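Note: the block below is my_file_35.tsv and it holds TSV, C-alpha atoms.
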```tsv
chain	number	residue	atom	x	y	z
H	969	MET	CA	86.97	24.49	-188.00
H	970	TYR	CA	86.37	25.69	-191.56
H	971	GLU	CA	83.12	25.63	-193.49
H	972	VAL	CA	83.56	24.54	-197.10
H	973	GLU	CA	80.57	25.58	-199.16
H	974	VAL	CA	79.84	25.54	-202.88
H	975	LYS	CA	76.73	27.21	-204.28
H	976	VAL	CA	75.11	27.19	-207.74
H	977	ALA	CA	71.88	28.66	-209.11
H	978	ALA	CA	69.48	25.78	-209.84
H	979	ASP	CA	65.88	24.79	-210.40
H	980	LEU	CA	64.93	23.47	-206.96
H	981	ASP	CA	62.16	21.11	-208.11
H	982	ALA	CA	64.57	19.35	-210.49
H	983	VAL	CA	67.27	19.01	-207.83
H	984	ALA	CA	64.78	17.74	-205.24
H	985	GLY	CA	63.74	15.01	-207.70
H	986	ARG	CA	67.36	14.00	-208.24
H	987	LEU	CA	68.04	13.89	-204.47
H	988	ASP	CA	65.06	11.55	-204.04
H	989	GLU	CA	66.41	9.26	-206.80
H	990	LEU	CA	69.82	9.21	-205.09
H	991	GLY	CA	68.20	8.28	-201.78
H	992	ALA	CA	69.41	11.42	-199.98
H	993	GLU	CA	67.98	11.87	-196.49
H	994	ARG	CA	65.75	14.89	-196.05
H	995	THR	CA	66.68	16.36	-192.68
H	996	GLY	CA	64.47	19.41	-192.25
H	997	ASP	CA	63.09	22.76	-193.33
H	998	VAL	CA	63.68	26.21	-191.94
H	999	ARG	CA	62.81	29.81	-192.58
H	1000	GLN	CA	65.72	32.20	-191.96
H	1001	VAL	CA	65.58	35.96	-191.64
H	1002	ASP	CA	69.09	37.40	-191.47
H	1003	VAL	CA	69.91	40.97	-190.54
H	1004	TYR	CA	73.41	42.07	-191.53
H	1005	TYR	CA	75.00	44.93	-189.66
H	1006	ASP	CA	77.38	47.66	-190.77
H	1007	ALA	CA	80.16	48.42	-188.27
H	1008	PRO	CA	80.86	51.95	-187.02
H	1009	HIS	CA	84.64	51.55	-187.25
H	1010	ARG	CA	85.27	49.25	-190.21
H	1011	ASP	CA	83.90	48.88	-193.72
H	1012	PHE	CA	82.90	45.20	-193.73
H	1013	ALA	CA	82.64	45.29	-197.54
H	1014	GLU	CA	86.32	46.22	-197.54
H	1015	THR	CA	87.52	43.91	-194.75
H	1016	ASP	CA	85.35	41.04	-196.06
H	1017	GLU	CA	83.78	40.42	-192.66
H	1018	ALA	CA	80.14	40.18	-191.61
H	1019	LEU	CA	78.08	40.45	-188.45
H	1020	ARG	CA	74.71	38.76	-188.68
H	1021	VAL	CA	71.71	38.29	-186.40
H	1022	ARG	CA	69.72	35.30	-187.69
H	1023	ARG	CA	66.18	34.33	-186.74
H	1024	GLU	CA	65.50	30.72	-187.68
H	1025	THR	CA	62.03	29.23	-187.52
H	1026	ARG	CA	61.67	25.45	-187.47
H	1027	ASP	CA	58.44	23.66	-186.61
H	1028	GLY	CA	56.97	26.95	-185.42
H	1029	GLU	CA	59.83	27.69	-182.98
H	1030	THR	CA	62.10	30.68	-183.61
H	1031	GLU	CA	65.69	30.81	-182.38
H	1032	THR	CA	68.14	33.70	-182.72
H	1033	ARG	CA	71.88	33.43	-183.24
H	1034	ILE	CA	74.61	36.03	-183.66
H	1035	THR	CA	77.45	35.21	-186.05
H	1036	TYR	CA	80.74	36.82	-186.92
H	1037	LYS	CA	82.18	35.82	-190.28
H	1038	GLY	CA	85.87	36.43	-190.90
H	1039	PRO	CA	87.53	37.14	-194.25
H	1040	LEU	CA	87.92	34.39	-196.87
H	1041	VAL	CA	90.83	32.03	-196.19
H	1042	GLU	CA	90.27	29.97	-199.37
H	1043	ARG	CA	88.79	31.78	-202.31
H	1044	GLU	CA	87.73	28.84	-204.51
H	1045	SER	CA	85.23	27.36	-202.04
H	1046	LYS	CA	84.32	30.52	-200.10
H	1047	THR	CA	85.94	29.14	-196.94
H	1048	ARG	CA	85.91	31.50	-193.97
H	1049	GLU	CA	86.02	31.30	-190.20
H	1050	GLU	CA	82.70	31.63	-188.38
H	1051	VAL	CA	82.00	32.30	-184.71
H	1052	GLU	CA	78.42	31.86	-183.58
H	1053	THR	CA	76.31	31.67	-180.44
H	1054	GLY	CA	72.62	31.46	-179.71
H	1055	VAL	CA	71.04	34.32	-177.78
H	1056	ALA	CA	68.02	34.21	-175.49
H	1057	ASP	CA	66.48	37.47	-176.70
H	1058	GLY	CA	66.97	38.53	-180.33
H	1059	GLU	CA	65.45	41.99	-179.86
H	1060	LYS	CA	67.91	42.71	-177.06
H	1061	ALA	CA	70.83	41.42	-179.16
H	1062	ASP	CA	69.77	43.82	-181.96
H	1063	ALA	CA	69.50	46.65	-179.44
H	1064	ILE	CA	72.97	45.97	-177.97
H	1065	PHE	CA	74.61	46.13	-181.41
H	1066	GLU	CA	72.64	49.25	-182.33
H	1067	GLN	CA	73.61	50.99	-179.08
H	1068	LEU	CA	77.25	50.13	-179.84
H	1069	GLY	CA	76.90	51.92	-183.18
H	1070	PHE	CA	76.30	48.96	-185.52
H	1071	GLU	CA	73.51	49.59	-188.02
H	1072	PRO	CA	71.21	47.13	-189.79
H	1073	ALA	CA	72.29	47.27	-193.43
H	1074	ALA	CA	70.26	44.59	-195.23
H	1075	THR	CA	67.89	41.71	-194.54
H	1076	VAL	CA	68.02	38.37	-196.37
H	1077	ARG	CA	64.91	36.16	-196.15
H	1078	LYS	CA	64.95	32.57	-197.33
H	1079	ASP	CA	63.26	29.18	-197.09
H	1080	ARG	CA	65.72	26.27	-196.85
H	1081	ARG	CA	65.24	22.53	-197.38
H	1082	PHE	CA	68.06	20.40	-195.97
H	1083	TYR	CA	69.27	17.01	-197.17
H	1084	ARG	CA	72.15	14.79	-196.04
H	1085	TYR	CA	74.06	13.04	-198.83
H	1086	ASP	CA	77.46	11.36	-198.94
H	1087	GLY	CA	78.84	13.23	-195.91
H	1088	TYR	CA	77.63	16.61	-197.15
H	1089	THR	CA	74.74	18.86	-196.26
H	1090	VAL	CA	72.82	19.76	-199.42
H	1091	THR	CA	70.56	22.77	-199.03
H	1092	LEU	CA	67.83	23.93	-201.41
H	1093	ASP	CA	67.39	27.67	-200.92
H	1094	ALA	CA	64.55	29.87	-202.15
H	1095	VAL	CA	65.83	33.38	-201.45
H	1096	GLU	CA	63.37	36.29	-201.58
H	1097	ASP	CA	64.20	38.84	-204.29
H	1098	VAL	CA	67.30	36.83	-205.27
H	1099	GLY	CA	66.41	33.39	-206.68
H	1100	GLU	CA	66.83	29.61	-206.21
H	1101	PHE	CA	70.16	28.01	-205.28
H	1102	VAL	CA	71.69	24.73	-204.15
H	1103	GLU	CA	74.47	24.73	-201.55
H	1104	VAL	CA	76.71	21.75	-200.84
H	1105	GLU	CA	78.69	22.12	-197.66
H	1106	THR	CA	80.70	20.41	-194.96
H	1107	GLU	CA	83.08	21.29	-192.14
H	1108	THR	CA	86.75	20.40	-192.07
H	1109	ASN	CA	90.04	21.43	-190.51
H	1110	GLU	CA	92.46	23.65	-192.42
H	1111	GLY	CA	94.32	20.71	-193.99
H	1112	GLY	CA	91.13	19.11	-195.35
H	1113	VAL	CA	89.80	22.09	-197.28
H	1114	GLU	CA	90.97	20.97	-200.75
H	1115	ALA	CA	89.61	17.41	-200.50
H	1116	ALA	CA	86.31	18.69	-199.06
H	1117	ARG	CA	85.94	21.10	-201.97
H	1118	GLU	CA	86.55	18.34	-204.55
H	1119	GLY	CA	83.96	16.17	-202.82
H	1120	ALA	CA	81.43	19.00	-202.92
H	1121	PHE	CA	82.01	19.38	-206.69
H	1122	GLU	CA	81.37	15.63	-207.14
H	1123	VAL	CA	78.06	15.91	-205.24
H	1124	LEU	CA	77.01	18.80	-207.51
H	1125	ARG	CA	77.75	16.69	-210.60
H	1126	GLU	CA	75.64	13.83	-209.22
H	1127	LEU	CA	72.78	16.33	-208.83
H	1128	GLY	CA	73.05	17.25	-212.52
H	1129	LEU	CA	74.69	20.58	-211.74
H	1130	ASP	CA	77.95	22.05	-213.02
H	1131	PRO	CA	80.57	23.16	-210.44
H	1132	GLU	CA	81.68	25.68	-213.08
H	1133	ASP	CA	78.40	27.53	-212.45
H	1134	GLN	CA	79.52	28.22	-208.88
H	1135	THR	CA	78.37	31.56	-207.47
H	1136	ARG	CA	80.89	32.94	-205.01
H	1137	THR	CA	78.73	35.93	-204.15
H	1138	SER	CA	76.78	35.65	-200.89
H	1139	TYR	CA	72.99	36.02	-200.84
H	1140	LEU	CA	73.62	39.35	-199.16
H	1141	GLY	CA	75.89	40.37	-202.04
H	1142	LEU	CA	73.40	39.14	-204.64
H	1143	LEU	CA	70.59	41.02	-202.91
H	1144	LEU	CA	72.62	44.24	-202.79
H	1145	ASP	CA	73.68	43.75	-206.46
H	1146	ASP	CA	70.02	43.51	-207.42
H	1147	ALA	CA	69.37	46.69	-205.48
H	1148	GLY	CA	71.88	48.38	-207.75
H	1149	GLU	CA	74.58	48.78	-205.10
B	26	MET	CA	62.82	50.66	-167.70
B	27	TYR	CA	65.38	52.31	-165.41
B	28	GLU	CA	67.43	50.69	-162.71
B	29	VAL	CA	67.72	52.80	-159.57
B	30	GLU	CA	70.61	51.66	-157.45
B	31	VAL	CA	72.29	53.07	-154.35
B	32	LYS	CA	75.52	51.58	-153.02
B	33	VAL	CA	77.50	52.11	-149.81
B	34	ALA	CA	80.59	50.47	-148.34
B	35	ALA	CA	79.54	48.37	-145.34
B	36	ASP	CA	80.48	45.54	-143.02
B	37	LEU	CA	78.51	42.67	-144.54
B	38	ASP	CA	78.18	40.59	-141.36
B	39	ALA	CA	76.61	43.54	-139.51
B	40	VAL	CA	74.17	44.26	-142.37
B	41	ALA	CA	73.22	40.57	-142.69
B	42	GLY	CA	72.36	40.55	-138.98
B	43	ARG	CA	70.17	43.63	-139.38
B	44	LEU	CA	68.38	42.13	-142.41
B	45	ASP	CA	67.57	39.03	-140.34
B	46	GLU	CA	66.15	41.22	-137.55
B	47	LEU	CA	63.99	43.07	-140.08
B	48	GLY	CA	62.69	39.77	-141.46
B	49	ALA	CA	64.07	40.37	-144.97
B	50	GLU	CA	63.75	37.39	-147.29
B	51	ARG	CA	67.01	35.87	-148.42
B	52	THR	CA	66.56	35.07	-152.10
B	53	GLY	CA	69.86	33.57	-153.26
B	54	ASP	CA	73.61	33.63	-153.70
B	55	VAL	CA	75.67	33.98	-156.85
B	56	ARG	CA	79.25	34.26	-157.98
B	57	GLN	CA	79.73	36.75	-160.83
B	58	VAL	CA	82.75	37.13	-163.05
B	59	ASP	CA	82.37	40.18	-165.29
B	60	VAL	CA	84.61	40.98	-168.22
B	61	TYR	CA	84.39	44.58	-169.38
B	62	TYR	CA	85.35	45.39	-172.95
B	63	ASP	CA	86.98	48.43	-174.49
B	64	ALA	CA	85.48	49.50	-177.83
B	65	PRO	CA	87.59	50.04	-180.94
B	66	HIS	CA	85.73	53.21	-181.98
B	67	ARG	CA	84.68	54.91	-178.73
B	68	ASP	CA	86.29	55.61	-175.38
B	69	PHE	CA	83.70	54.13	-173.01
B	70	ALA	CA	85.32	55.99	-170.09
B	71	GLU	CA	84.51	59.20	-171.98
B	72	THR	CA	81.04	58.24	-173.28
B	73	ASP	CA	80.10	56.66	-169.92
B	74	GLU	CA	78.99	53.41	-171.55
B	75	ALA	CA	79.96	49.82	-170.83
B	76	LEU	CA	79.89	46.46	-172.59
B	77	ARG	CA	80.03	43.51	-170.24
B	78	VAL	CA	80.07	39.73	-170.56
B	79	ARG	CA	78.96	38.26	-167.23
B	80	ARG	CA	79.32	34.67	-166.06
B	81	GLU	CA	77.00	33.98	-163.17
B	82	THR	CA	77.20	30.77	-161.17
B	83	ARG	CA	74.22	29.79	-159.02
B	84	ASP	CA	73.80	26.34	-157.48
B	85	GLY	CA	76.69	25.08	-159.60
B	86	GLU	CA	75.15	26.24	-162.91
B	87	THR	CA	76.88	28.96	-164.92
B	88	GLU	CA	75.00	31.27	-167.27
B	89	THR	CA	76.45	33.98	-169.51
B	90	ARG	CA	74.84	37.29	-170.38
B	91	ILE	CA	75.94	40.22	-172.49
B	92	THR	CA	74.95	43.68	-171.32
B	93	TYR	CA	75.19	47.16	-172.78
B	94	LYS	CA	75.01	49.98	-170.25
B	95	GLY	CA	74.17	53.44	-171.51
B	96	PRO	CA	75.28	56.76	-170.02
B	97	LEU	CA	73.82	58.00	-166.73
B	98	VAL	CA	70.39	59.59	-167.05
B	99	GLU	CA	70.11	60.50	-163.36
B	100	ARG	CA	73.36	61.24	-161.55
B	101	GLU	CA	72.24	61.02	-157.92
B	102	SER	CA	71.16	57.38	-158.02
B	103	LYS	CA	73.41	56.13	-160.85
B	104	THR	CA	70.39	55.48	-163.08
B	105	ARG	CA	71.24	54.25	-166.57
B	106	GLU	CA	69.60	52.27	-169.34
B	107	GLU	CA	70.63	48.62	-169.64
B	108	VAL	CA	70.10	46.17	-172.49
B	109	GLU	CA	70.86	42.54	-171.74
B	110	THR	CA	70.42	39.08	-173.20
B	111	GLY	CA	71.57	35.61	-172.24
B	112	VAL	CA	73.88	33.79	-174.65
B	113	ALA	CA	74.21	30.06	-175.17
B	114	ASP	CA	78.01	30.04	-175.46
B	115	GLY	CA	80.03	32.59	-173.48
B	116	GLU	CA	83.35	31.72	-175.14
B	117	LYS	CA	81.82	32.36	-178.56
B	118	ALA	CA	80.30	35.65	-177.39
B	119	ASP	CA	83.77	36.73	-176.18
B	120	ALA	CA	85.27	35.66	-179.50
B	121	ILE	CA	82.68	37.59	-181.55
B	122	PHE	CA	83.39	40.81	-179.67
B	123	GLU	CA	87.15	40.28	-179.92
B	124	GLN	CA	86.94	39.61	-183.67
B	125	LEU	CA	84.96	42.85	-183.99
B	126	GLY	CA	87.84	44.71	-182.33
B	127	PHE	CA	86.54	44.94	-178.74
B	128	GLU	CA	89.21	44.13	-176.14
B	129	PRO	CA	88.82	42.74	-172.61
B	130	ALA	CA	89.85	45.64	-170.35
B	131	ALA	CA	89.19	44.46	-166.79
B	132	THR	CA	87.58	41.63	-164.85
B	133	VAL	CA	85.47	42.13	-161.72
B	134	ARG	CA	84.89	39.07	-159.51
B	135	LYS	CA	82.38	39.10	-156.69
B	136	ASP	CA	80.22	36.97	-154.42
B	137	ARG	CA	76.70	38.34	-153.94
B	138	ARG	CA	74.01	37.54	-151.36
B	139	PHE	CA	70.51	38.72	-152.32
B	140	TYR	CA	67.67	39.75	-150.04
B	141	ARG	CA	64.21	41.10	-150.77
B	142	TYR	CA	62.99	43.86	-148.46
B	143	ASP	CA	60.17	46.40	-148.74
B	144	GLY	CA	59.98	46.22	-152.56
B	145	TYR	CA	63.76	46.53	-152.99
B	146	THR	CA	66.52	44.08	-153.80
B	147	VAL	CA	69.26	44.38	-151.18
B	148	THR	CA	72.56	42.85	-152.26
B	149	LEU	CA	75.58	42.12	-150.06
B	150	ASP	CA	78.66	42.17	-152.29
B	151	ALA	CA	82.15	40.91	-151.47
B	152	VAL	CA	84.22	42.20	-154.38
B	153	GLU	CA	87.71	40.77	-154.91
B	154	ASP	CA	90.47	43.39	-154.57
B	155	VAL	CA	87.85	46.11	-153.93
B	156	GLY	CA	85.92	45.53	-150.66
B	157	GLU	CA	82.46	44.93	-149.15
B	158	PHE	CA	79.38	46.86	-150.23
B	159	VAL	CA	75.60	46.91	-149.88
B	160	GLU	CA	73.45	47.79	-152.88
B	161	VAL	CA	69.77	48.71	-152.66
B	162	GLU	CA	68.01	48.67	-155.98
B	163	THR	CA	64.74	48.56	-157.85
B	164	GLU	CA	63.39	49.15	-161.35
B	165	THR	CA	61.04	51.95	-162.31
B	166	ASN	CA	59.89	53.98	-165.28
B	167	GLU	CA	61.39	57.40	-165.94
B	168	GLY	CA	58.76	59.25	-163.88
B	169	GLY	CA	59.33	57.06	-160.81
B	170	VAL	CA	63.06	57.58	-160.42
B	171	GLU	CA	62.96	60.22	-157.68
B	172	ALA	CA	60.52	58.30	-155.43
B	173	ALA	CA	62.44	55.05	-155.95
B	174	ARG	CA	65.68	56.77	-154.93
B	175	GLU	CA	64.12	58.16	-151.73
B	176	GLY	CA	62.78	54.69	-150.89
B	177	ALA	CA	66.25	53.20	-151.36
B	178	PHE	CA	67.72	55.79	-148.97
B	179	GLU	CA	65.09	54.83	-146.37
B	180	VAL	CA	66.02	51.14	-146.69
B	181	LEU	CA	69.70	52.04	-146.16
B	182	ARG	CA	68.82	53.93	-142.99
B	183	GLU	CA	66.84	50.92	-141.68
B	184	LEU	CA	69.98	48.83	-142.23
B	185	GLY	CA	72.01	51.21	-140.06
B	186	LEU	CA	73.74	52.74	-143.07
B	187	ASP	CA	74.02	56.37	-144.14
B	188	PRO	CA	72.85	57.32	-147.66
B	189	GLU	CA	75.44	60.12	-147.46
B	190	ASP	CA	78.12	57.42	-147.70
B	191	GLN	CA	76.86	56.53	-151.18
B	192	THR	CA	79.59	55.43	-153.59
B	193	ARG	CA	78.74	56.41	-157.16
B	194	THR	CA	81.78	54.70	-158.61
B	195	SER	CA	81.17	51.28	-160.17
B	196	TYR	CA	83.09	48.22	-158.96
B	197	LEU	CA	84.93	48.43	-162.27
B	198	GLY	CA	85.87	52.03	-161.52
B	199	LEU	CA	86.91	51.17	-157.95
B	200	LEU	CA	89.01	48.27	-159.21
B	201	LEU	CA	90.72	50.44	-161.81
B	202	ASP	CA	91.26	53.22	-159.21
B	203	ASP	CA	93.01	50.69	-156.96
B	204	ALA	CA	95.13	49.68	-159.91
B	205	GLY	CA	96.26	53.32	-160.09
B	206	GLU	CA	94.49	54.06	-163.35
```
File written out as structure tokens:
Amino acid sequence: MYEVEVKVAADLDAVAGRLDELGAERTGDVRQVDVYYDAPHRDFAETDEALRVRRETRDGETETRITYKGPLVERESKTREEVETGVADGEKADAIFEQLGFEPAATVRKDRRFYRYDGYTVTLDAVEDVGEFVEVETETNEGGVEAAREGAFEVLRELGLDPEDQTRTSYLGLLLDDAGE
Amino acid sequence: MYEVEVKVAADLDAVAGRLDELGAERTGDVRQVDVYYDAPHRDFAETDEALRVRRETRDGETETRITYKGPLVERESKTREEVETGVADGEKADAIFEQLGFEPAATVRKDRRFYRYDGYTVTLDAVEDVGEFVEVETETNEGGVEAAREGAFEVLRELGLDPEDQTRTSYLGLLLDDAGE
């Protein structure tokens, strides 16, 4: 399964208004705090991988998930393979990775508003120390990547946004850029 | 928190009979299938660490946990630090470690019968391709290790076993020894 995701910087209040006009379904709100780890044996910046421990708070409940992100398989839409599982104890998951020599490298904090529109998940992200962004995403198999990407561009246009403004840099990358790295 | 654990080879039927005579409480049965991983950047045999993904089946329900085991801190009783958390999806946990370059090295399969006696957990283990063993264990803080170890020896003696027969080699080590490694 591949995640196709297109992201542009946007004014969230304007986009929220447009989603309401279009009759998009608002599906939830979460707070995410993501810790990205450096590996002891690979330079993830070089291999284009990531290891993340995410704490997600929804309706006052916090869940923790660990995620491995593989290198890009399709540059245009930032498509990459992801492997993820929930863990019962986030502190222990952190401690296991740290004992194995992985080190927390950066933390991305954001508030996300989710909508469902035309088969896509549209997410309004307010990212601390980075800015406001809209993501349009869906999942597909390898053969469906191109069509899914075109559909995501169409959704962006309906929201008054320009697919040409696409940011391919991750929030982690944008955060580190801002930090002068 | 430190785990103090003493293990001896034993005839399980004889020990089970003795536990019944002593009025020990039988607290459960599990089947455990443990996959041990090799690290890409450290030789765990050299550093005396372990990374394990354990599937435990109890009353037909299977749960998966990941565990990091640190080096021995107290040789006599095999005391080491452990960090463990449950995971929602064992296959995904395996896949994350494999993507990070960890490789499954060996699998230990055993049936365990648990008893509670005199503040200790007494476990009767039938380990595939290895043999039958009794473990006596408890948890303590660093200062309590010596007293906990003496108590475990006393429990062994009450079970008709000799603490001098203690095996300090893990089931993993015993399995690999049998395999001629």
Notebook entry, point to check: Using all atoms listed in the file, which chain H residues lie at most 8 Å away from chain B, written as a ChimeraX atom specification?
Noted result: /H:1008-1009,1035-1036,1038,1051-1058,1060-1061,1063-1064,1067-1068
I need the chosen residues saved as an mmCIF file, in the frame of the given file, with C-alpha atoms.
```cif
data_model
loop_
_atom_site.group_PDB
_atom_site.id
_atom_site.type_symbol
_atom_site.label_atom_id
_atom_site.label_comp_id
_atom_site.auth_asym_id
_atom_site.auth_seq_id
_atom_site.Cartn_x
_atom_site.Cartn_y
_atom_site.Cartn_z
ATOM 1 C CA PRO H 1008 80.860 51.950 -187.020
ATOM 2 C CA HIS H 1009 84.640 51.550 -187.250
ATOM 3 C CA THR H 1035 77.450 35.210 -186.050
ATOM 4 C CA TYR H 1036 80.740 36.820 -186.920
ATOM 5 C CA GLY H 1038 85.870 36.430 -190.900
ATOM 6 C CA VAL H 1051 82.000 32.300 -184.710
ATOM 7 C CA GLU H 1052 78.420 31.860 -183.580
ATOM 8 C CA THR H 1053 76.310 31.670 -180.440
ATOM 9 C CA GLY H 1054 72.620 31.460 -179.710
ATOM 10 C CA VAL H 1055 71.040 34.320 -177.780
ATOM 11 C CA ALA H 1056 68.020 34.210 -175.490
ATOM 12 C CA ASP H 1057 66.480 37.470 -176.700
ATOM 13 C CA GLY H 1058 66.970 38.530 -180.330
ATOM 14 C CA LYS H 1060 67.910 42.710 -177.060
ATOM 15 C CA ALA H 1061 70.830 41.420 -179.160
ATOM 16 C CA ALA H 1063 69.500 46.650 -179.440
ATOM 17 C CA ILE H 1064 72.970 45.970 -177.970
ATOM 18 C CA GLN H 1067 73.610 50.990 -179.080
ATOM 19 C CA LEU H 1068 77.250 50.130 -179.840
#
```
Next item on the list: For H:Thr1108, please output as a PyMOL selection string all residues within 10 Å (counting only C-alpha atoms; exclusion window: fewer than 3 positions along the same chain).
Entry: chain H and resi 969-972+1105+1111-1117
Next item on the list: Grab the atom CA of B:Tyr196 to atom CA of B:Thr146 distance for me, in Å with one decimal place.
Entry: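 It comes out at 17.8 Å.
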Item checked: Separation of atom CA of H:Leu1040 from atom CA of H:Ala1013 in Å ->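 Straight-line distance from atom CA of H:Ala1013 to atom CA of H:Leu1040 works out to 12.1 Å.
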Note to self: Between atom CA of B:Val78 and atom CA of B:Asp59, what is the distance in Å, rounded to a tenth?
What the structure shows: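 Result for atom CA of B:Val78 versus atom CA of B:Asp59: 5.8 Å, one decimal.
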Next item on the list: Between H:Glu1071, H:Glu1118, H:Val1123, H:Val998, single out the one closest to H:Val1090, counting all atoms listed in the file.
Entry: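 Checking each candidate against H:Val1090, we get H:Val1123 as the closest.
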Check: Leaving out H:Thr1135 and any residue of its chain fewer than 3 positions from it, which residues lie within 10 Å of it when counting all atoms listed in the file, given as a count of residues only?
Finding: 13
